[in-house]
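Shown next: run_7.cif, containing mmCIF, C-alpha atoms.
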data_protein
loop_
_atom_site.label_atom_id
_atom_site.label_comp_id
_atom_site.auth_asym_id
_atom_site.auth_seq_id
_atom_site.Cartn_x
_atom_site.Cartn_y
_atom_site.Cartn_z
CA MET A 961 5.48 -12.81 -3.10
CA SER A 962 7.68 -10.38 -1.22
CA THR A 963 9.74 -9.69 -4.34
CA ASN A 964 6.58 -8.80 -6.28
CA ILE A 965 5.33 -6.25 -3.75
CA PRO A 966 7.59 -3.37 -4.95
CA ILE A 967 6.54 -4.03 -8.56
CA LEU A 968 2.86 -4.02 -7.58
CA LEU A 969 3.34 -0.80 -5.67
CA VAL A 970 4.95 0.82 -8.72
CA PHE A 971 1.99 -0.18 -10.90
CA GLU A 972 -0.44 1.11 -8.28
CA LEU A 973 1.40 4.43 -8.14
CA ILE A 974 1.41 4.73 -11.93
CA HIS A 975 -2.33 4.01 -12.03
CA TYR A 976 -2.93 6.54 -9.25
CA PHE A 977 -0.99 9.32 -10.98
CA GLN A 978 -2.68 8.58 -14.33
CA SER A 979 -6.08 8.82 -12.63
CA GLU A 980 -5.07 12.08 -10.98
CA GLN A 981 -3.91 13.55 -14.30
CA LYS A 982 -7.18 12.53 -15.98
CA ALA A 983 -9.22 14.09 -13.16
CA ILE A 984 -7.28 17.35 -13.47
CA ALA A 985 -7.73 17.36 -17.26
CA ASP A 986 -11.48 16.70 -16.92
CA SER A 987 -11.76 19.48 -14.34
CA GLU A 988 -9.98 21.96 -16.61
CA LYS A 989 -12.20 20.95 -19.53
CA ALA A 990 -15.31 21.54 -17.41
CA LYS A 991 -14.01 24.95 -16.33
CA ARG A 992 -13.39 25.94 -19.96
CA LYS A 993 -16.95 24.92 -20.88
CA VAL A 994 -18.36 26.95 -18.00
CA LEU A 995 -16.34 30.00 -19.05
CA LEU A 996 -17.52 29.55 -22.64
CA PHE A 997 -21.12 29.48 -21.41
CA GLN A 998 -20.54 32.65 -19.42
CA HIS A 999 -19.07 34.43 -22.44
CA GLU A 1000 -21.96 33.30 -24.66
CA THR A 1001 -24.41 34.43 -21.99
CA LEU A 1002 -22.68 37.79 -21.77
CA ARG A 1003 -22.99 38.27 -25.53
CA SER A 1004 -26.62 37.19 -25.30
CA GLN A 1005 -27.44 39.86 -22.75
CA ILE A 1006 -25.40 42.68 -24.31
CA ASN A 1007 -26.76 42.28 -27.79
CA PRO A 1008 -28.25 45.00 -30.01
CA HIS A 1009 -31.81 43.66 -29.64
CA PHE A 1010 -31.77 43.69 -25.84
CA LEU A 1011 -30.04 47.08 -25.73
CA PHE A 1012 -32.38 48.52 -28.35
CA ASN A 1013 -35.49 47.51 -26.38
CA SER A 1014 -34.02 48.82 -23.14
CA LEU A 1015 -33.06 52.19 -24.64
CA ASN A 1016 -36.51 52.53 -26.24
CA VAL A 1017 -38.16 52.04 -22.86
CA LEU A 1018 -35.72 54.43 -21.20
CA SER A 1019 -36.28 57.07 -23.88
CA SER A 1020 -40.04 56.97 -23.32
CA LEU A 1021 -39.72 57.06 -19.53
CA ILE A 1022 -37.49 60.16 -19.60
CA TYR A 1023 -40.40 62.22 -20.91
CA ILE A 1024 -43.31 60.38 -19.27
CA ASN A 1025 -41.91 59.50 -15.84
CA PRO A 1026 -38.41 60.82 -14.99
CA ASP A 1027 -38.46 59.08 -11.60
CA ASN A 1028 -39.04 55.68 -13.20
CA ALA A 1029 -36.44 56.54 -15.84
CA ASN A 1030 -33.89 56.95 -13.05
CA LYS A 1031 -34.94 53.62 -11.47
CA PHE A 1032 -34.79 51.93 -14.87
CA THR A 1033 -31.26 53.20 -15.46
CA LYS A 1034 -30.11 51.87 -12.07
CA ALA A 1035 -31.77 48.49 -12.67
CA LEU A 1036 -30.18 48.20 -16.11
CA SER A 1037 -26.79 49.09 -14.66
CA LYS A 1038 -27.17 46.50 -11.87
CA THR A 1039 -28.19 43.82 -14.37
CA TYR A 1040 -25.13 44.49 -16.53
CA ARG A 1041 -22.79 44.56 -13.52
CA TYR A 1042 -24.08 41.15 -12.45
CA VAL A 1043 -23.55 39.70 -15.93
CA LEU A 1044 -20.05 41.17 -16.16
CA SER A 1045 -19.10 39.72 -12.77
CA LEU A 1046 -19.82 36.16 -13.88
CA THR A 1047 -16.39 35.55 -15.40
CA ARG A 1048 -15.22 35.17 -11.80
CA GLN A 1049 -18.15 33.05 -10.59
CA PRO A 1050 -18.88 29.57 -12.00
CA VAL A 1051 -21.70 29.24 -9.45
CA VAL A 1052 -23.68 31.70 -7.32
CA SER A 1053 -25.93 31.41 -4.29
CA VAL A 1054 -29.69 31.39 -4.67
CA ALA A 1055 -29.79 34.65 -2.69
CA GLU A 1056 -27.41 36.34 -5.17
CA GLU A 1057 -29.40 35.09 -8.16
CA LEU A 1058 -32.71 36.30 -6.71
CA ASP A 1059 -31.22 39.69 -5.85
CA ALA A 1060 -30.00 40.16 -9.44
CA LEU A 1061 -33.33 38.87 -10.74
CA ASP A 1062 -35.15 41.74 -9.01
CA SER A 1063 -33.44 44.26 -11.29
CA TYR A 1064 -34.15 42.21 -14.40
CA LEU A 1065 -37.83 41.87 -13.47
CA PHE A 1066 -38.07 45.63 -12.92
CA LEU A 1067 -36.80 46.14 -16.48
CA MET A 1068 -39.44 43.69 -17.72
CA SER A 1069 -42.19 45.41 -15.71
CA MET A 1070 -41.31 48.74 -17.32
CA ARG A 1071 -41.33 47.15 -20.76
CA PHE A 1072 -44.40 44.89 -20.47
CA GLU A 1073 -46.23 46.91 -17.77
CA ASP A 1074 -49.31 45.04 -16.46
CA SER A 1075 -49.08 42.09 -18.85
CA PHE A 1076 -47.50 39.54 -16.50
CA THR A 1077 -47.48 38.37 -12.89
CA PHE A 1078 -44.52 37.03 -10.96
CA THR A 1079 -44.38 35.27 -7.60
CA VAL A 1080 -41.70 33.52 -5.52
CA ASN A 1081 -42.74 30.81 -3.09
CA LYS A 1082 -40.04 29.76 -0.60
CA ILE A 1083 -40.97 26.38 0.86
CA ALA A 1084 -37.44 25.85 2.23
CA ASP A 1085 -34.63 28.20 3.24
CA CYS A 1086 -32.08 27.52 0.50
CA ASP A 1087 -30.55 30.98 0.07
CA SER A 1088 -27.02 29.62 0.53
CA ASN A 1089 -27.48 26.78 -1.97
CA GLU A 1090 -25.66 27.30 -5.25
CA ILE A 1091 -26.81 27.26 -8.88
CA ILE A 1092 -25.34 28.30 -12.22
CA PRO A 1093 -25.53 32.10 -12.72
CA LEU A 1094 -28.36 33.55 -14.82
CA THR A 1095 -30.34 30.30 -14.76
CA LEU A 1096 -33.49 32.02 -13.51
CA GLN A 1097 -33.12 35.06 -15.75
CA LEU A 1098 -32.68 32.91 -18.86
CA LEU A 1099 -35.72 30.77 -18.02
CA ILE A 1100 -37.88 33.85 -17.46
CA GLU A 1101 -36.53 35.41 -20.65
CA ASN A 1102 -37.59 32.24 -22.49
CA ALA A 1103 -41.09 32.56 -21.04
CA PHE A 1104 -41.42 36.08 -22.48
CA LYS A 1105 -39.78 35.04 -25.76
CA HIS A 1106 -42.12 32.14 -26.49
CA ASN A 1107 -45.40 33.41 -25.06
CA ILE A 1108 -47.88 36.24 -25.49
CA ALA A 1109 -47.98 38.70 -22.58
CA THR A 1110 -50.82 41.24 -22.61
CA GLU A 1111 -53.23 42.74 -20.08
CA GLU A 1112 -55.96 40.54 -21.55
CA SER A 1113 -53.78 37.40 -21.52
CA LEU A 1114 -51.48 37.65 -18.54
CA LEU A 1115 -48.27 35.66 -18.56
CA ASP A 1116 -48.08 34.06 -15.11
CA ILE A 1117 -44.55 33.18 -13.94
CA LYS A 1118 -43.90 31.39 -10.66
CA ILE A 1119 -40.71 30.35 -8.89
CA THR A 1120 -40.90 27.75 -6.11
CA ILE A 1121 -37.86 27.11 -3.92
CA ASP A 1122 -37.79 23.83 -2.01
CA SER A 1123 -35.07 21.64 -0.53
CA ASP A 1124 -34.42 19.73 -3.78
CA TYR A 1125 -35.13 22.10 -6.67
CA ILE A 1126 -35.92 25.58 -7.82
CA THR A 1127 -39.00 25.24 -10.00
CA VAL A 1128 -39.77 27.84 -12.66
CA GLU A 1129 -43.16 27.56 -14.32
CA ASN A 1130 -45.33 29.64 -16.62
CA ASN A 1131 -48.65 29.26 -18.37
CA ILE A 1132 -48.47 28.54 -22.09
CA GLN A 1133 -49.71 31.21 -24.50
CA PRO A 1134 -47.70 30.55 -27.67
CA SER A 1135 -46.39 33.54 -29.58
CA ASN A 1136 -46.37 33.12 -33.37
CA ASP A 1137 -43.41 35.46 -33.82
CA ALA A 1138 -41.25 33.98 -31.05
CA ASP A 1139 -37.54 34.48 -31.55
CA LYS A 1140 -36.00 31.01 -31.75
CA GLY A 1141 -32.42 32.24 -31.44
CA GLY A 1142 -30.22 32.93 -28.45
CA ILE A 1143 -29.36 30.82 -25.45
CA GLY A 1144 -32.13 28.39 -24.52
CA LEU A 1145 -32.99 25.62 -22.16
CA LYS A 1146 -30.66 23.14 -23.87
CA TYR A 1147 -27.65 25.28 -22.93
CA ILE A 1148 -28.73 25.44 -19.29
CA THR A 1149 -29.20 21.67 -19.32
CA LYS A 1150 -25.67 21.17 -20.69
CA GLN A 1151 -24.15 23.31 -17.96
CA TYR A 1152 -25.82 21.33 -15.18
CA LYS A 1153 -24.65 18.11 -16.85
CA LEU A 1154 -21.09 19.28 -16.21
CA TYR A 1155 -21.87 18.93 -12.51
CA ALA A 1156 -23.69 15.59 -13.02
CA LYS A 1157 -27.04 17.27 -12.36
CA ASP A 1158 -30.21 16.75 -14.38
CA VAL A 1159 -32.63 19.55 -15.24
CA ILE A 1160 -36.21 18.25 -15.26
CA VAL A 1161 -38.59 19.64 -17.90
CA GLU A 1162 -42.36 19.07 -17.78
CA HIS A 1163 -44.48 20.29 -20.68
CA THR A 1164 -48.29 20.07 -20.48
CA GLU A 1165 -50.99 21.73 -22.57
CA GLN A 1166 -51.35 24.51 -19.99
CA MET A 1167 -47.99 24.78 -18.25
CA PHE A 1168 -44.26 24.76 -18.95
CA ILE A 1169 -42.26 23.67 -15.89
CA VAL A 1170 -38.50 23.49 -15.35
CA LYS A 1171 -36.95 22.06 -12.18
CA ILE A 1172 -33.39 23.21 -11.49
CA PRO A 1173 -31.22 21.13 -9.12
CA TYR A 1174 -28.73 22.70 -6.75
CA ILE A 1175 -25.05 22.42 -7.56
CA GLN A 1176 -24.21 22.54 -3.88
CA SER A 1177 -26.57 22.59 -0.92
#
Go through the file and emit its structure as structure tokens.
Amino acid sequence: MSTNIPILLVFELIHYFQSEQKAIADSEKAKRKVLLFQHETLRSQINPHFLFNSLNVLSSLIYINPDNANKFTKALSKTYRYVLSLTRQPVVSVAEELDALDSYLFLMSMRFEDSFTFTVNKIADCDSNEIIPLTLQLLIENAFKHNIATEESLLDIKITIDSDYITVENNIQPSNDADKGGIGLKYITKQYKLYAKDVIVEHTEQMFIVKIPYIQS
């Protein structure tokens, strides 16, 4: 038996190093996928359609309400800075995401005016927990993309933050001319799968609900 011990140790070491190399390769593959998602997201946000709508709103505000035009410009700038910073951040804190979301929601309020409501309900203090960047913005963008939002038919968007999930929900008011392109829920789901996390989707006749797990808490 004693003569076999060195041989067994060699095999154990070989197995260990092979496992280490596979883990490193898997980690690098995951990082590349995350970076690809960030680049696709960047292109999604800085696309002609988004820019065209933003500039149209800004152009109108310059003549109607110069003060709001200035606020709109600052919010647009902050939104773009956040998107551009994501090449250095595979995950962000909930606090960072909510801070960036404020600027995006201001842009939406200037565009859609009094046609939607938005509330955040913090059941637990999870500001330091981490999620994938732009998760909330993309989910809210999807709500506007696929639903009607008017003063007569308000789009109601709610975010609930608890110890296990961030829940994003909206009432369903299907839009016939919804744009089916761009980055959707399936892309968000894929990114959380990289971290072995499952995004929960609940679809009823009245509500569309998405529960986002934390990457780190």
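Straight-line separation from CA of Asp1158 (chain A) to CA of Val1043 (chain A): 23.9 Å.
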### Message
Set the distance at 10 Å and use all atoms listed in the file: which residues neighbour Phe1072 (chain A) once local chain neighbours fewer than 6 positions away are removed? I'd like the list as a list in words.
### Response
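What passes the distance filter is Val1017, Phe1066, Phe1104, Ala1109, Thr1110 and Glu1111 of chain A.
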### Task
Could you state which residues are captured by the PyMOL selection byres ((chain A and resi 1067) around 8) in this file, as a list in words?
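Selected by the PyMOL selection byres ((chain A and resi 1067) around 8) here: Ser1014, Phe1032, Ala1035, Leu1036, Ser1063, Tyr1064, Leu1065, Phe1066, Met1068, Ser1069, Met1070 and Arg1071 of chain A.
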For the provided coordinates, the residues matched by the PyMOL selection byres ((chain A and resi 1051) around 10) should be stated as an mmCIF file with C-alpha atoms, in the frame of the given file.
data_model
loop_
_atom_site.group_PDB
_atom_site.id
_atom_site.type_symbol
_atom_site.label_atom_id
_atom_site.label_comp_id
_atom_site.auth_asym_id
_atom_site.auth_seq_id
_atom_site.Cartn_x
_atom_site.Cartn_y
_atom_site.Cartn_z
ATOM 1 C CA VAL A 994 -18.360 26.950 -18.000
ATOM 2 C CA LEU A 1046 -19.820 36.160 -13.880
ATOM 3 C CA ARG A 1048 -15.220 35.170 -11.800
ATOM 4 C CA GLN A 1049 -18.150 33.050 -10.590
ATOM 5 C CA PRO A 1050 -18.880 29.570 -12.000
ATOM 6 C CA VAL A 1052 -23.680 31.700 -7.320
ATOM 7 C CA SER A 1053 -25.930 31.410 -4.290
ATOM 8 C CA VAL A 1054 -29.690 31.390 -4.670
ATOM 9 C CA GLU A 1057 -29.400 35.090 -8.160
ATOM 10 C CA ASN A 1089 -27.480 26.780 -1.970
ATOM 11 C CA GLU A 1090 -25.660 27.300 -5.250
ATOM 12 C CA ILE A 1091 -26.810 27.260 -8.880
ATOM 13 C CA ILE A 1092 -25.340 28.300 -12.220
ATOM 14 C CA PRO A 1093 -25.530 32.100 -12.720
ATOM 15 C CA LEU A 1094 -28.360 33.550 -14.820
ATOM 16 C CA TYR A 1174 -28.730 22.700 -6.750
ATOM 17 C CA ILE A 1175 -25.050 22.420 -7.560
ATOM 18 C CA GLN A 1176 -24.210 22.540 -3.880
#
### Task
Can you work out which one of A:Ser1135, A:Tyr1155, A:Glu1056, A:Val1128 has the shortest atom-to-atom distance to Leu1098 (chain A), counting only C-alpha atoms?
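For Leu1098 (chain A), the nearest of the given residues is A:Val1128.
Between CA of Asn1013 (chain A) and CA of Thr1039 (chain A) there is a distance of 14.5 Å.
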### Query
In Å to one decimal, how far is CA of Asn1130 (chain A) from CA of Met1167 (chain A)?
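The value is 5.8 Å.
Using all atoms listed in the file, the nearest neighbour of Ala1103 (chain A) within the list A:Val1170, A:Cys1086, A:Thr1120, A:Asp1074 is A:Val1170.
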### Query
So which one's closest to Tyr1042 (chain A), A:Gln1097, A:Asn1030, A:Ile1024, A:Asn1081? Using only C-alpha atoms, please.
A:Gln1097
### Task
For each of A:Ser1123, A:Lys1153, A:Thr1079, A:Leu1061, take the minimum atom-to-atom distance to Tyr1040 (chain A), counting only C-alpha atoms, then give the residue where this is smallest.
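When distances to Tyr1040 (chain A) are compared using only C-alpha atoms, the smallest one comes from A:Leu1061.
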Box dimensions and centre (Å, one decimal) enclosing region 1068-1080 of chain A, axis-aligned, 8 Å extra per side, as JSON:
{"center_x": -44.4, "center_y": 41.1, "center_z": -13.1, "size_x": 25.9, "size_y": 31.2, "size_z": 31.2}
### Query
With only C-alpha atoms as the basis for distance, which of A:Thr1077, A:Glu1129, A:Ser1019, A:Lys1038 is at the shortest distance from Asn1102 (chain A)?
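Of the candidates, the smallest distance to Asn1102 (chain A) is held by A:Glu1129.
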